[in-house]
Amino acid sequence: MNFFLFQVYPYIALTVLALGSIARYETDPFTWKSSSSQLLRRRQLLLGSILFHVGVLIVFFGHLVGLLTPIGIFDALGIGHTFKQLLAMIVGGVAGAFALAGGVILLHRRLYDPRIRATSSFADIGILALLDLQLVLGLLTIVVSAQHLDGGEMVRFMGWTQAIFTFRTDAWLLVAEASWIFKLHIFLGLTIFLLFPFTRLVHMLSVPVRYLWRPGYQIVRSRKADPASAARPHPAE
């Protein structure tokens with residue numbers, strides 16, 4: 001089971017993420033959107049959305065940089081493993097708490113507002129619930145990490161992540177003895193990647209950078225009278 005979950009399943013999830021996203025964009029581009037419900041009810045949305053998105057972005061890029069940066073680079077910069085783990089626990093904990101608070105607000109809004117519930121699909125509610133659960137698991141891992149402040153746990157998962165991306169066949173051995181809470185956190189994260197192309201999360205890939213170089217345009221309304229309307233008699237005449 002360890003071999004499947006932490007050696008085979010990551011490649012399944014990442015392959016579905018990449019190919020599924022491309023297929024959806026090419027075959028059904030009009031569903032590639034966030035499906036905002038702001039018009040139905042703005043209350044709660046602003047606070048929940050800001051907390052959730054800011055927190056998730058910090059957590060995501062923190063994981064991306066922290067796990068994929070070679071350990072040798074941190075060593076060369078004089079960043080100790082203990083310091084890096086403490087930094088990840090503090091920054092990740094604060095950002096994760098913000099994201100979870102926002103996620104709970106957004107989930108409550110979708111479940112208990114009748115108008116929004118009526119326009120929400122099972123995927124909309126399900127993926128938000130999974131993200132909230134993943135945030136809870138992430139915060140719980142801090143409790144385990146606090147018991148290993150030598151940075152060993154951090155190095156373990158950095159090694160596993162980089163081994164997956166370098167196609168090492170023994171990557172799973174690096175996390176086989178890890179705590180179950182970390183394993184569950186990894187499994188749910190991979191599952192979210194697997195479901196990503198089939199949910200509203202795809203809008204995360206639509207960064208509107210093209211607007212930076214798109215030429216401007218101006219709409220001009222002509223003041224000339226329409227010949228057809230000018231020929232018609234005025235109602236007052």
# chains A, B, ... in the order shown; residues from 1 in each chain; ligands from 1

$ residues_around --residues "Phe74 (chain A)" --least-positions-apart "4" --cutoff "12 Å" --atoms "only C-alpha atoms" --output "ChimeraX atom specification"
/A:65-70,78-85,155,158

$ residues_around --residues "region 94-99 of chain A" --least-positions-apart "6" --cutoff "7 Å" --atoms "only C-alpha atoms" --output "PyMOL selection string"
chain A and resi 51-53+55-56+58-59+135+139

$ atom_distance --atom1 "CA of Ile90 (chain A)" --atom2 "CA of Leu205 (chain A)"
27.6 Å

$ residues_around --residues "Ala178 (chain A)" --least-positions-apart "5" --cutoff "12 Å" --atoms "only C-alpha atoms" --output "ChimeraX atom specification"
/A:2,6,141,144-145,148,152-157,160,172-173,183-186

$ closest_residue --among "A:Tyr112, A:Ile22, A:Met1, A:Leu17" --to "Leu190 (chain A)" --atoms "only C-alpha atoms"
A:Leu17

$ select_by_dssp --residues "region 62-235 of chain A" --states "alpha helix (DSSP H)" --output "ChimeraX atom specification"
/A:62-68,71-76,81-112,114-119,122-145,152-165,180-195,227-231

$ closest_residue --among "A:Thr15, A:Gln7, A:Thr119, A:Thr31" --to "Phe198 (chain A)" --atoms "only C-alpha atoms"
A:Thr31

$ residues_around --residues "Ser121 (chain A)" --least-positions-apart "6" --cutoff "12 Å" --atoms "only C-alpha atoms" --output "PDB file with all heavy atoms, in the first residue's frame"
ATOM      1  N   SER A  35     -17.141  30.418 -11.780  1.00  0.00           N
ATOM      2  CA  SER A  35     -18.587  30.354 -11.473  1.00  0.00           C
ATOM      3  C   SER A  35     -18.898  31.132 -10.190  1.00  0.00           C
ATOM      4  O   SER A  35     -19.464  30.606  -9.235  1.00  0.00           O
ATOM      5  CB  SER A  35     -19.039  28.894 -11.326  1.00  0.00           C
ATOM      6  OG  SER A  35     -18.803  28.176 -12.503  1.00  0.00           O
ATOM      7  N   ARG A 110     -22.252  28.312   1.045  1.00  0.00           N
ATOM      8  CA  ARG A 110     -22.793  27.437  -0.002  1.00  0.00           C
ATOM      9  C   ARG A 110     -23.798  26.428   0.548  1.00  0.00           C
ATOM     10  O   ARG A 110     -24.709  26.013  -0.164  1.00  0.00           O
ATOM     11  CB  ARG A 110     -21.665  26.691  -0.707  1.00  0.00           C
ATOM     12  CG  ARG A 110     -20.876  27.585  -1.643  1.00  0.00           C
ATOM     13  CD  ARG A 110     -20.135  26.814  -2.707  1.00  0.00           C
ATOM     14  NE  ARG A 110     -19.569  27.734  -3.679  1.00  0.00           N
ATOM     15  CZ  ARG A 110     -20.183  28.134  -4.786  1.00  0.00           C
ATOM     16  NH1 ARG A 110     -21.377  27.671  -5.075  1.00  0.00           N
ATOM     17  NH2 ARG A 110     -19.594  28.972  -5.626  1.00  0.00           N
ATOM     18  N   LEU A 111     -23.635  26.043   1.798  1.00  0.00           N
ATOM     19  CA  LEU A 111     -24.523  25.033   2.354  1.00  0.00           C
ATOM     20  C   LEU A 111     -25.819  25.619   2.907  1.00  0.00           C
ATOM     21  O   LEU A 111     -26.875  24.971   2.830  1.00  0.00           O
ATOM     22  CB  LEU A 111     -23.801  24.263   3.471  1.00  0.00           C
ATOM     23  CG  LEU A 111     -22.697  23.305   3.041  1.00  0.00           C
ATOM     24  CD1 LEU A 111     -22.005  22.717   4.258  1.00  0.00           C
ATOM     25  CD2 LEU A 111     -23.252  22.197   2.153  1.00  0.00           C
ATOM     26  N   ILE A 127     -15.435  19.845  -3.440  1.00  0.00           N
ATOM     27  CA  ILE A 127     -14.031  20.243  -3.512  1.00  0.00           C
ATOM     28  C   ILE A 127     -13.711  21.255  -2.424  1.00  0.00           C
ATOM     29  O   ILE A 127     -12.603  21.251  -1.869  1.00  0.00           O
ATOM     30  CB  ILE A 127     -13.689  20.801  -4.914  1.00  0.00           C
ATOM     31  CG1 ILE A 127     -12.169  20.826  -5.121  1.00  0.00           C
ATOM     32  CG2 ILE A 127     -14.279  22.186  -5.116  1.00  0.00           C
ATOM     33  CD1 ILE A 127     -11.521  19.482  -5.130  1.00  0.00           C
ATOM     34  N   LEU A 128     -14.665  22.115  -2.079  1.00  0.00           N
ATOM     35  CA  LEU A 128     -14.431  23.074  -1.000  1.00  0.00           C
ATOM     36  C   LEU A 128     -14.310  22.359   0.345  1.00  0.00           C
ATOM     37  O   LEU A 128     -13.464  22.707   1.173  1.00  0.00           O
ATOM     38  CB  LEU A 128     -15.561  24.102  -0.966  1.00  0.00           C
ATOM     39  CG  LEU A 128     -15.389  25.296  -0.025  1.00  0.00           C
ATOM     40  CD1 LEU A 128     -14.064  26.002  -0.278  1.00  0.00           C
ATOM     41  CD2 LEU A 128     -16.545  26.275  -0.189  1.00  0.00           C
ATOM     42  N   PHE A 198     -11.671  18.553 -13.047  1.00  0.00           N
ATOM     43  CA  PHE A 198     -13.121  18.339 -13.139  1.00  0.00           C
ATOM     44  C   PHE A 198     -13.907  19.262 -12.218  1.00  0.00           C
ATOM     45  O   PHE A 198     -15.101  19.064 -12.007  1.00  0.00           O
ATOM     46  CB  PHE A 198     -13.431  16.876 -12.801  1.00  0.00           C
ATOM     47  CG  PHE A 198     -12.513  15.905 -13.494  1.00  0.00           C
ATOM     48  CD1 PHE A 198     -11.513  15.246 -12.793  1.00  0.00           C
ATOM     49  CD2 PHE A 198     -12.624  15.679 -14.855  1.00  0.00           C
ATOM     50  CE1 PHE A 198     -10.649  14.373 -13.422  1.00  0.00           C
ATOM     51  CE2 PHE A 198     -11.770  14.800 -15.501  1.00  0.00           C
ATOM     52  CZ  PHE A 198     -10.778  14.148 -14.788  1.00  0.00           C
ATOM     53  N   THR A 199     -13.234  20.263 -11.647  1.00  0.00           N
ATOM     54  CA  THR A 199     -13.880  21.170 -10.710  1.00  0.00           C
ATOM     55  C   THR A 199     -13.617  22.618 -11.120  1.00  0.00           C
ATOM     56  O   THR A 199     -12.916  22.887 -12.098  1.00  0.00           O
ATOM     57  CB  THR A 199     -13.343  20.960  -9.281  1.00  0.00           C
ATOM     58  OG1 THR A 199     -11.956  21.373  -9.237  1.00  0.00           O
ATOM     59  CG2 THR A 199     -13.453  19.490  -8.874  1.00  0.00           C
ATOM     60  N   ARG A 200     -14.147  23.540 -10.338  1.00  0.00           N
ATOM     61  CA  ARG A 200     -13.953  24.963 -10.596  1.00  0.00           C
ATOM     62  C   ARG A 200     -12.542  25.430 -10.286  1.00  0.00           C
ATOM     63  O   ARG A 200     -12.181  26.576 -10.564  1.00  0.00           O
ATOM     64  CB  ARG A 200     -14.951  25.767  -9.760  1.00  0.00           C
ATOM     65  CG  ARG A 200     -14.827  25.508  -8.277  1.00  0.00           C
ATOM     66  CD  ARG A 200     -15.939  26.110  -7.501  1.00  0.00           C
ATOM     67  NE  ARG A 200     -15.931  27.563  -7.629  1.00  0.00           N
ATOM     68  CZ  ARG A 200     -16.943  28.340  -7.286  1.00  0.00           C
ATOM     69  NH1 ARG A 200     -18.050  27.797  -6.844  1.00  0.00           N
ATOM     70  NH2 ARG A 200     -16.859  29.636  -7.393  1.00  0.00           N
TER      71      ARG A 200
END

$ residues_around --residues "Asp132 (chain A)" --least-positions-apart "4" --cutoff "9 Å" --atoms "only C-alpha atoms" --output "PyMOL selection string"
chain A and resi 99-101+103-104+107+127-128+136-137
